[in-house]
Structure formats: structure tokens, C-alpha cells
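Asks: Provided herewith: model12.cif, mmCIF, C-alpha atoms and all ligand atoms.
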```cif
data_target
loop_
_atom_site.group_PDB
_atom_site.id
_atom_site.type_symbol
_atom_site.label_atom_id
_atom_site.label_comp_id
_atom_site.auth_asym_id
_atom_site.auth_seq_id
_atom_site.Cartn_x
_atom_site.Cartn_y
_atom_site.Cartn_z
ATOM 1 C CA MET A 29 16.232 -115.188 138.517
ATOM 2 C CA THR A 30 14.207 -118.358 138.837
ATOM 3 C CA SER A 31 10.915 -117.616 137.157
ATOM 4 C CA SER A 32 9.199 -118.049 133.831
ATOM 5 C CA SER A 33 8.838 -114.337 133.365
ATOM 6 C CA VAL A 34 9.870 -112.449 130.281
ATOM 7 C CA ARG A 35 12.511 -109.906 131.040
ATOM 8 C CA LEU A 36 12.453 -107.103 128.525
ATOM 9 C CA THR A 37 15.691 -105.328 127.837
ATOM 10 C CA VAL A 38 16.822 -102.494 125.628
ATOM 11 C CA ARG A 39 17.331 -105.164 122.973
ATOM 12 C CA ASN A 40 13.567 -105.066 122.593
ATOM 13 C CA HIS A 41 14.015 -101.589 121.099
ATOM 14 C CA ASP A 42 11.483 -100.085 123.434
ATOM 15 C CA ARG A 43 11.832 -96.338 123.469
ATOM 16 C CA ASP A 44 10.658 -96.119 127.109
ATOM 17 C CA LEU A 45 13.413 -98.469 128.190
ATOM 18 C CA ALA A 46 16.286 -97.348 126.017
ATOM 19 C CA GLY A 47 19.273 -96.306 128.035
ATOM 20 C CA MET A 48 17.966 -97.350 131.433
ATOM 21 C CA THR A 49 20.603 -98.692 133.779
ATOM 22 C CA TYR A 50 18.671 -99.584 136.892
ATOM 23 C CA VAL A 51 15.031 -100.141 135.933
ATOM 24 C CA TYR A 52 13.580 -102.965 133.843
ATOM 25 C CA PRO A 53 10.101 -104.408 133.404
ATOM 26 C CA VAL A 54 9.302 -108.099 133.734
ATOM 27 C CA LEU A 55 6.110 -109.266 132.082
ATOM 28 C CA SER A 56 4.775 -112.337 133.821
ATOM 29 C CA ARG A 57 1.943 -114.355 132.350
ATOM 30 C CA ARG A 58 1.675 -116.384 135.517
ATOM 31 C CA ALA A 59 1.479 -113.354 137.773
ATOM 32 C CA GLY A 60 -0.791 -111.622 135.265
ATOM 33 C CA GLY A 61 0.969 -108.313 135.025
ATOM 34 C CA VAL A 62 4.171 -106.387 135.032
ATOM 35 C CA SER A 63 6.778 -106.350 137.745
ATOM 36 C CA VAL A 64 8.956 -103.258 137.887
ATOM 37 C CA GLY A 65 12.484 -104.494 138.495
ATOM 38 C CA VAL A 66 15.153 -102.343 140.109
ATOM 39 C CA ASN A 67 18.623 -103.706 139.399
ATOM 40 C CA LEU A 68 21.325 -102.369 141.706
ATOM 41 C CA ASN A 69 23.917 -104.679 140.133
ATOM 42 C CA PRO A 70 24.296 -103.483 136.528
ATOM 43 C CA ASN A 71 27.883 -104.776 136.857
ATOM 44 C CA ASN A 72 26.548 -108.395 137.143
ATOM 45 C CA ALA A 73 28.357 -108.729 140.477
ATOM 46 C CA CYS A 74 27.177 -110.959 143.295
ATOM 47 C CA ASN A 75 28.875 -112.143 146.470
ATOM 48 C CA TRP A 76 27.483 -115.622 145.694
ATOM 49 C CA HIS A 77 27.854 -117.890 142.689
ATOM 50 C CA CYS A 78 24.771 -120.118 142.482
ATOM 51 C CA VAL A 79 25.132 -122.961 139.995
ATOM 52 C CA TYR A 80 21.664 -122.257 138.556
ATOM 53 C CA CYS A 81 22.108 -118.469 138.346
ATOM 54 C CA GLN A 82 20.599 -116.940 135.208
ATOM 55 C CA VAL A 83 22.782 -113.843 135.221
ATOM 56 C CA PRO A 84 25.076 -113.887 132.187
ATOM 57 C CA ASN A 85 28.716 -112.903 132.733
ATOM 58 C CA LEU A 86 28.236 -113.132 136.503
ATOM 59 C CA VAL A 87 31.274 -111.930 138.426
ATOM 60 C CA ARG A 88 32.088 -112.100 142.109
ATOM 61 C CA GLY A 89 31.744 -108.773 143.884
ATOM 62 C CA ALA A 90 29.418 -106.064 145.167
ATOM 63 C CA ALA A 91 27.071 -103.529 143.591
ATOM 64 C CA PRO A 92 28.810 -100.428 142.233
ATOM 65 C CA LYS A 93 28.141 -96.949 143.612
ATOM 66 C CA ILE A 94 24.507 -96.189 142.814
ATOM 67 C CA ASP A 95 23.664 -92.932 141.066
ATOM 68 C CA LEU A 96 20.539 -92.167 143.078
ATOM 69 C CA ALA A 97 19.523 -89.204 140.893
ATOM 70 C CA GLN A 98 19.658 -91.379 137.783
ATOM 71 C CA LEU A 99 17.766 -94.212 139.488
ATOM 72 C CA GLU A 100 15.078 -91.761 140.595
ATOM 73 C CA ALA A 101 14.761 -90.284 137.091
ATOM 74 C CA GLU A 102 14.494 -93.753 135.516
ATOM 75 C CA LEU A 103 11.951 -95.079 137.996
ATOM 76 C CA ASP A 104 9.913 -91.879 137.969
ATOM 77 C CA GLY A 105 9.862 -91.911 134.162
ATOM 78 C CA PHE A 106 8.892 -95.550 133.914
ATOM 79 C CA LEU A 107 6.176 -95.336 136.578
ATOM 80 C CA THR A 108 4.792 -92.315 134.724
ATOM 81 C CA ALA A 109 4.702 -94.378 131.488
ATOM 82 C CA LEU A 110 2.890 -97.159 133.359
ATOM 83 C CA VAL A 111 0.416 -95.058 135.298
ATOM 84 C CA GLU A 112 -0.282 -92.216 132.869
ATOM 85 C CA GLY A 113 0.998 -93.528 129.541
ATOM 86 C CA ASP A 114 0.089 -96.453 127.324
ATOM 87 C CA TRP A 115 3.045 -98.702 128.146
ATOM 88 C CA LEU A 116 0.873 -101.458 129.592
ATOM 89 C CA ALA A 117 -1.606 -101.281 126.701
ATOM 90 C CA ARG A 118 1.236 -101.611 124.204
ATOM 91 C CA HIS A 119 3.104 -104.429 125.938
ATOM 92 C CA ALA A 120 0.898 -106.420 128.258
ATOM 93 C CA PRO A 121 -1.952 -108.681 127.142
ATOM 94 C CA ALA A 122 -5.496 -107.702 128.106
ATOM 95 C CA GLY A 123 -6.156 -109.000 131.597
ATOM 96 C CA GLY A 124 -2.492 -108.715 132.519
ATOM 97 C CA ARG A 125 -2.135 -104.981 132.813
ATOM 98 C CA GLU A 126 -1.636 -104.676 136.505
ATOM 99 C CA ILE A 127 1.531 -103.468 138.200
ATOM 100 C CA ARG A 128 2.240 -106.500 140.352
ATOM 101 C CA ASP A 129 5.152 -105.233 142.370
ATOM 102 C CA ILE A 130 8.287 -103.151 142.463
ATOM 103 C CA ALA A 131 11.119 -105.584 143.056
ATOM 104 C CA LEU A 132 14.671 -104.952 144.147
ATOM 105 C CA SER A 133 16.037 -107.818 142.155
ATOM 106 C CA GLY A 134 18.627 -107.877 139.483
ATOM 107 C CA ASN A 135 21.955 -109.159 138.350
ATOM 108 C CA GLY A 136 23.503 -109.645 141.772
ATOM 109 C CA GLU A 137 22.872 -109.108 145.470
ATOM 110 C CA PRO A 138 20.964 -105.810 145.949
ATOM 111 C CA THR A 139 21.841 -105.372 149.612
ATOM 112 C CA SER A 140 25.529 -105.193 148.691
ATOM 113 C CA ALA A 141 24.843 -101.637 147.491
ATOM 114 C CA ALA A 142 25.954 -99.134 150.131
ATOM 115 C CA GLU A 143 22.932 -97.013 149.131
ATOM 116 C CA PHE A 144 20.419 -99.838 149.770
ATOM 117 C CA PRO A 145 18.441 -98.038 152.538
ATOM 118 C CA ASP A 146 18.375 -94.836 150.464
ATOM 119 C CA VAL A 147 17.011 -96.828 147.533
ATOM 120 C CA VAL A 148 14.215 -98.247 149.701
ATOM 121 C CA GLU A 149 13.267 -94.715 150.721
ATOM 122 C CA LEU A 150 13.469 -93.453 147.142
ATOM 123 C CA ILE A 151 11.214 -96.226 145.831
ATOM 124 C CA HIS A 152 8.709 -95.582 148.584
ATOM 125 C CA ARG A 153 8.669 -91.864 147.795
ATOM 126 C CA LEU A 154 7.900 -92.599 144.134
ATOM 127 C CA ARG A 155 5.313 -95.194 145.081
ATOM 128 C CA VAL A 156 3.473 -92.518 147.032
ATOM 129 C CA LYS A 157 3.943 -89.905 144.279
ATOM 130 C CA HIS A 158 2.337 -92.193 141.690
ATOM 131 C CA GLY A 159 -0.437 -93.424 143.976
ATOM 132 C CA LEU A 160 1.035 -96.926 144.060
ATOM 133 C CA GLU A 161 1.196 -97.393 147.840
ATOM 134 C CA ARG A 162 -0.720 -100.649 147.457
ATOM 135 C CA VAL A 163 1.788 -102.083 145.001
ATOM 136 C CA PRO A 164 4.063 -104.336 147.048
ATOM 137 C CA LEU A 165 7.760 -103.525 147.344
ATOM 138 C CA ARG A 166 9.791 -106.728 147.295
ATOM 139 C CA LEU A 167 13.425 -107.405 148.041
ATOM 140 C CA ILE A 168 14.894 -110.537 146.463
ATOM 141 C CA THR A 169 18.027 -111.287 148.469
ATOM 142 C CA ASN A 170 20.424 -114.055 149.394
ATOM 143 C CA GLY A 171 20.220 -112.650 152.918
ATOM 144 C CA SER A 172 23.930 -112.995 153.560
ATOM 145 C CA LEU A 173 24.533 -109.343 154.472
ATOM 146 C CA LEU A 174 21.966 -109.037 157.293
ATOM 147 C CA GLY A 175 24.864 -108.601 159.694
ATOM 148 C CA ARG A 176 25.359 -105.076 158.318
ATOM 149 C CA PRO A 177 23.469 -102.351 160.189
ATOM 150 C CA ARG A 178 22.580 -100.494 156.954
ATOM 151 C CA VAL A 179 21.081 -103.638 155.453
ATOM 152 C CA ARG A 180 18.998 -104.250 158.577
ATOM 153 C CA ALA A 181 17.928 -100.592 158.567
ATOM 154 C CA GLY A 182 16.752 -100.847 154.952
ATOM 155 C CA ILE A 183 14.841 -104.058 155.644
ATOM 156 C CA ALA A 184 13.295 -102.585 158.799
ATOM 157 C CA ARG A 185 12.094 -99.627 156.707
ATOM 158 C CA MET A 186 10.611 -102.055 154.205
ATOM 159 C CA GLY A 187 8.719 -103.638 157.079
ATOM 160 C CA GLU A 188 7.291 -100.230 158.021
ATOM 161 C CA ILE A 189 6.102 -99.426 154.508
ATOM 162 C CA GLY A 190 4.425 -102.736 153.721
ATOM 163 C CA GLY A 191 7.349 -104.385 151.965
ATOM 164 C CA GLU A 192 8.229 -108.034 151.737
ATOM 165 C CA VAL A 193 11.489 -109.978 151.541
ATOM 166 C CA TRP A 194 12.188 -113.118 149.523
ATOM 167 C CA PHE A 195 15.150 -114.672 151.312
ATOM 168 C CA LYS A 196 17.140 -117.359 149.512
ATOM 169 C CA VAL A 197 17.742 -120.640 151.342
ATOM 170 C CA ASP A 198 18.625 -123.611 149.154
ATOM 171 C CA ALA A 199 20.341 -125.884 151.656
ATOM 172 C CA GLY A 200 21.144 -126.451 155.315
ATOM 173 C CA ARG A 201 24.651 -127.873 155.439
ATOM 174 C CA GLY A 202 27.881 -126.026 154.772
ATOM 175 C CA GLU A 203 28.950 -128.449 152.037
ATOM 176 C CA ASP A 204 25.606 -128.156 150.204
ATOM 177 C CA ILE A 205 25.645 -124.352 150.449
ATOM 178 C CA ALA A 206 29.201 -124.342 149.088
ATOM 179 C CA ARG A 207 28.238 -126.581 146.154
ATOM 180 C CA ILE A 208 24.940 -124.854 145.291
ATOM 181 C CA ASN A 209 25.597 -121.219 146.184
ATOM 182 C CA GLY A 210 29.360 -121.114 145.742
ATOM 183 C CA VAL A 211 29.971 -119.561 149.131
ATOM 184 C CA LYS A 212 31.484 -120.609 152.446
ATOM 185 C CA LEU A 213 28.786 -119.752 154.924
ATOM 186 C CA PRO A 214 28.234 -121.228 158.380
ATOM 187 C CA VAL A 215 24.696 -122.591 158.679
ATOM 188 C CA GLU A 216 24.372 -120.823 162.031
ATOM 189 C CA ARG A 217 24.680 -117.517 160.225
ATOM 190 C CA VAL A 218 21.933 -118.432 157.755
ATOM 191 C CA VAL A 219 19.639 -119.263 160.669
ATOM 192 C CA ARG A 220 20.522 -116.021 162.451
ATOM 193 C CA ASN A 221 20.111 -113.867 159.330
ATOM 194 C CA LEU A 222 16.790 -115.453 158.385
ATOM 195 C CA ALA A 223 15.399 -115.018 161.894
ATOM 196 C CA ALA A 224 16.592 -111.389 161.988
ATOM 197 C CA CYS A 225 15.064 -110.662 158.599
ATOM 198 C CA ALA A 226 11.700 -112.179 159.524
ATOM 199 C CA ALA A 227 11.648 -110.095 162.707
ATOM 200 C CA LEU A 228 12.094 -106.879 160.676
ATOM 201 C CA CYS A 229 9.854 -107.462 157.670
ATOM 202 C CA PRO A 230 7.434 -110.110 156.363
ATOM 203 C CA THR A 231 9.723 -112.764 154.890
ATOM 204 C CA TRP A 232 9.236 -115.605 152.428
ATOM 205 C CA VAL A 233 11.953 -118.175 151.945
ATOM 206 C CA GLN A 234 12.847 -118.642 148.290
ATOM 207 C CA THR A 235 14.276 -122.075 147.524
ATOM 208 C CA CYS A 236 15.548 -123.620 144.314
ATOM 209 C CA MET A 237 15.696 -127.431 144.076
ATOM 210 C CA PHE A 238 17.133 -129.332 141.120
ATOM 211 C CA ARG A 239 19.119 -132.378 140.077
ATOM 212 C CA TRP A 240 22.894 -132.186 140.311
ATOM 213 C CA ASP A 241 24.696 -134.701 138.100
ATOM 214 C CA GLY A 242 21.338 -136.426 137.689
ATOM 215 C CA GLN A 243 20.673 -136.742 141.432
ATOM 216 C CA GLY A 244 17.927 -134.917 143.311
ATOM 217 C CA PRO A 245 18.442 -133.778 146.917
ATOM 218 C CA ASP A 246 18.622 -136.829 149.200
ATOM 219 C CA ALA A 247 16.954 -137.286 152.595
ATOM 220 C CA GLU A 248 19.918 -135.838 154.515
ATOM 221 C CA VAL A 249 20.113 -132.752 152.325
ATOM 222 C CA LEU A 250 16.389 -132.141 152.763
ATOM 223 C CA ALA A 251 16.446 -132.762 156.526
ATOM 224 C CA ALA A 252 19.248 -130.210 156.958
ATOM 225 C CA TYR A 253 17.343 -127.682 154.839
ATOM 226 C CA LEU A 254 14.155 -128.129 156.880
ATOM 227 C CA ASP A 255 16.185 -127.829 160.058
ATOM 228 C CA VAL A 256 17.335 -124.332 159.049
ATOM 229 C CA LEU A 257 13.717 -123.202 158.623
ATOM 230 C CA GLU A 258 12.719 -124.694 161.956
ATOM 231 C CA ARG A 259 15.635 -123.163 163.800
ATOM 232 C CA ALA A 260 14.919 -119.748 162.294
ATOM 233 C CA GLY A 261 11.312 -120.175 163.480
ATOM 234 C CA THR A 262 8.704 -121.376 160.989
ATOM 235 C CA ALA A 263 5.986 -119.407 162.784
ATOM 236 C CA ARG A 264 7.804 -116.190 161.872
ATOM 237 C CA LEU A 265 7.993 -117.050 158.161
ATOM 238 C CA ARG A 266 5.304 -116.272 155.602
ATOM 239 C CA GLY A 267 6.057 -119.469 153.750
ATOM 240 C CA VAL A 268 8.296 -120.995 151.105
ATOM 241 C CA LEU A 269 8.427 -120.210 147.387
ATOM 242 C CA LEU A 270 9.775 -123.436 145.939
ATOM 243 C CA TYR A 271 11.287 -123.185 142.461
ATOM 244 C CA GLY A 272 12.658 -125.633 139.961
ATOM 245 C CA VAL A 273 15.084 -124.639 137.243
ATOM 246 C CA ALA A 274 12.697 -123.728 134.430
ATOM 247 C CA ARG A 275 15.220 -121.479 132.756
ATOM 248 C CA PRO A 276 18.768 -122.556 131.994
ATOM 249 C CA SER A 277 21.698 -121.639 134.192
ATOM 250 C CA MET A 278 24.105 -119.180 132.595
ATOM 251 C CA GLN A 279 27.027 -120.519 134.622
ATOM 252 C CA SER A 280 29.722 -123.009 133.640
ATOM 253 C CA GLU A 281 28.052 -125.576 135.951
ATOM 254 C CA ALA A 282 24.937 -125.582 133.718
ATOM 255 C CA PRO A 283 25.561 -129.065 132.231
ATOM 256 C CA ARG A 284 25.443 -130.549 135.760
ATOM 257 C CA VAL A 285 22.110 -128.857 136.643
ATOM 258 C CA SER A 286 18.795 -130.331 135.492
ATOM 259 C CA GLN A 287 15.145 -130.101 136.397
ATOM 260 C CA LEU A 288 13.499 -132.214 139.066
ATOM 261 C CA PRO A 289 10.354 -133.973 137.863
ATOM 262 C CA LEU A 290 7.232 -132.222 139.140
ATOM 263 C CA ASP A 291 6.254 -135.104 141.439
ATOM 264 C CA GLU A 292 9.619 -134.909 143.212
ATOM 265 C CA LEU A 293 9.302 -131.136 143.611
ATOM 266 C CA GLU A 294 5.800 -131.611 144.992
ATOM 267 C CA ALA A 295 7.014 -134.264 147.429
ATOM 268 C CA ILE A 296 9.541 -131.704 148.755
ATOM 269 C CA ALA A 297 6.711 -129.164 149.028
ATOM 270 C CA GLU A 298 4.721 -131.677 151.099
ATOM 271 C CA ALA A 299 7.655 -132.177 153.473
ATOM 272 C CA ILE A 300 7.870 -128.393 153.940
ATOM 273 C CA LYS A 301 4.120 -128.140 154.518
ATOM 274 C CA GLU A 302 4.421 -130.754 157.264
ATOM 275 C CA LYS A 303 6.474 -128.175 159.154
ATOM 276 C CA GLY A 304 3.412 -125.915 159.127
ATOM 277 C CA LEU A 305 4.540 -123.642 156.291
ATOM 278 C CA THR A 306 2.616 -122.385 153.266
ATOM 279 C CA VAL A 307 4.347 -123.472 150.055
ATOM 280 C CA THR A 308 3.956 -122.372 146.442
ATOM 281 C CA VAL A 309 5.597 -124.491 143.739
ATOM 282 C CA SER A 310 6.935 -123.007 140.491
ATOM 283 C CA PRO A 311 8.470 -125.878 138.522
HETATM 284 S S1 LIG A 401 22.341 -114.956 144.806
HETATM 285 FE FE1 LIG A 401 21.077 -114.604 142.974
HETATM 286 S S2 LIG A 401 22.319 -113.234 141.659
HETATM 287 FE FE2 LIG A 401 23.684 -114.090 143.224
HETATM 288 S S3 LIG A 401 24.609 -115.862 142.226
HETATM 289 FE FE3 LIG A 401 22.801 -116.597 143.354
HETATM 290 S S4 LIG A 401 21.095 -116.559 141.884
HETATM 291 FE FE4 LIG A 401 22.778 -115.308 141.020
#
```
Take the structure in the file and give it back as C-alpha cells.
Ligand code: SF4
Replies:
Amino acid sequence: MTSSSVRLTVRNHDRDLAGMTYVYPVLSRRAGGVSVGVNLNPNNACNWHCVYCQVPNLVRGAAPKIDLAQLEAELDGFLTALVEGDWLARHAPAGGREIRDIALSGNGEPTSAAEFPDVVELIHRLRVKHGLERVPLRLITNGSLLGRPRVRAGIARMGEIGGEVWFKVDAGRGEDIARINGVKLPVERVVRNLAACAALCPTWVQTCMFRWDGQGPDAEVLAAYLDVLERAGTARLRGVLLYGVARPSMQSEAPRVSQLPLDELEAIAEAIKEKGLTVTVSP
């Protein structure tokens, strides 16, 4: 999604990765290591359509039925290559050979998978098996399905096992959410879902800000966005991960999306900090 990481795919002709459906490594220079990605949306289906989305051939929909045995075999095999094999030595630069996290993040909304809570349990089991309990388990989500009991159960379990959620909030008015995220979503529901998520598991808000038709977010757009965070309860949030659009959108709206200059992104970060939140900026 929105990061400057290098996502390796089977096109890299890596024998450890060939044929994997659900598991992919992301080498991040900035984070100084490898993130183990778990993609529950190999069908490129998401219930949202964000204008900056980097998923190619994105379609509207939900995750397909997950083959848990295959996912377990892939993740077990890859963690074995990382922990016992020479995968990191062959691929990661010296000084960047740490396993940074295991992230439920992929080509769509992970919590749309009916098996989401089973996947959380499966990942945790393998984390323990490979002695990786200290490696954080992250869920990157648009947070829109928190109304479902199974999604809340999976997130609650993540809270118990030291997980962390990155919850997408880009805007605070219905019209802005519709334009940016391609979804009709009452703001009240965003507030409710974010508050519920933060009560179950440590939660960071993940926000993408950019220029649309050459215009950055105006004062009203920003005020409505900040209002969502305040109404959800800033004290309950870990902070905000503020992103620009470093990598190009793969959607048809791409020509209308452009980067905000760093000083404008930092001014937004300052406004968020004034609400008492920690902010990290990734232009
Ligand atoms: S929620 Fe994520 S995967 Fe879905 S459209 Fe937005 S950026 Fe893409």
C-alpha cells in the first residue's frame, strides 16, 4: 500500500517464493528489515476503491475462501527460510536482516475473509513455533467491517497476543470519504468502528493525504478529519501514521492524484499533534 518498500513477487524468480499465494516478503530500507506480508485477497478484491490504491486490477468485492492448510504451509515454509535458512543473507542488505513484523496486508481488505480470526490464530501459532513471539503482528485494515462479530473477535485476539492495528482514516465527511475511498460510509460509523477497534487492540490511524486535481485538503476537510479522531477518543489511539503518495496509484483516477509538498504534509502533522497525538510522516 502506501510505503516505499520493495515488494518482491514471484517475478523475482526466487525459489523460496515461487508458487506462493498468500505470503510475500516486503524489504524495507526505511524499516531496516523484512516484513512478512500475508495477503488474504489474492483476487485483488476490496470493498473500497481508494483513488491512490496501488493494487493493480483492483476489483470490488471480498476475499475468497482461504485455504488455511495452504496458508499455514506457505507461512511455515517461509518463516523456516527466514529463521533457519539464508533467505535474509541472500536478499537483505547487512544491517537490515531483521524480521520487522508479520502483516495482514495485501491486495484488498483482509477482514473481509470469513476465516480472518482463524488466520490470526494460525499466524500466532507459527510465531510461537518459530520463536518469533516478539515480532509484531499487524493488521492493515480500512476498518469498515468492525460491525461483524468475527472481525471484532479476530481483533480482540490480536490485542491478547500483542498485535497492533493500522486503521485507515483519510477523511471525516461523507463526501470526502466517497471521493477518496470510493465508498458510501456514514462518518458516525467510522467513529464507532475506530473507537471499538482501539478498545480491543492497540490501534494506529493510517492516513493518506495528497493533492486532488492540484488541490491539497482545505481547512474544512482537515477539521472534519481531526474531528473523527477526537470523537473516537485520541487518548485511546497510539497515534497517526501520515503518508503521502510516494508510489503511483494503479487506479484510473491516478492522473488526478499528486503528491503534497513535504512542508504541507508536515503542517498537517503539526495540526494532528496539537490534538495530543503522536505522528510519523512518510512522504
Ligand atoms: S482499502 Fe486498501 S486495498 Fe482497499 S482500495 Fe483502499 S488502499 Fe486499496
Asks: Enclose the full set of atoms of ligand LIG 401 (chain A) listed in the file within a box whose edges lie along x, y and z, apply 6 Å of padding to each of the six sides, and report centre and edge lengths in Å to one decimal as AutoDock Vina command-line options.
Replies:
```
--center_x 22.8 --center_y -114.9 --center_z 142.9 --size_x 15.5 --size_y 15.4 --size_z 15.8
```
Asks: Give the residue list for ligand LIG 401 (chain A) at 7 Å, counting all atoms listed in the file, as a list in words, sorted by chain and then by residue number.
Replies: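 The neighbouring residues of ligand LIG 401 (chain A) are, in order, Met29, Cys74, Asn75, Trp76, His77, Cys78, Tyr80, Cys81, Gln82, Val83, Gly134, Asn135, Gly136, Glu137, Thr169, Asn170 and Asn209 of chain A.
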Asks: Using atom CA of Gly191 of chain A and atom CA of Val148 of chain A as the two end points, give the distance in Å to one decimal.
Replies: 9.5 Å
Asks: Of the candidates A:Glu100, A:Asp129, A:Asp198, A:Glu188, which shows the shortest atom-to-atom distance to Asp146 of chain A, using only C-alpha atoms?
Replies: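 Going through A:Glu100, A:Asp129, A:Asp198, A:Glu188 one by one, the smallest distance to Asp146 of chain A is for A:Glu100.
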Asks: Given the PyMOL selection byres (((chain A and resi 197) around 7) and not hetatm) and the file above, list the residues it selects as a PyMOL selection string.
Replies: chain A and resi 195-196+198-199+233-235
Asks: Take atom CA of Ala117 of chain A and atom CA of Gly105 of chain A and report the distance between them in Å, one decimal.
Replies: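 Interatomic distance here is 16.6 Å.
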Asks: Which is closest to Arg128 of chain A among A:Ser56, A:Thr108, A:Ser63, A:Asn72, if we use only C-alpha atoms?
Replies: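 That would be A:Ser63, the residue with the smallest distance to Arg128 of chain A.
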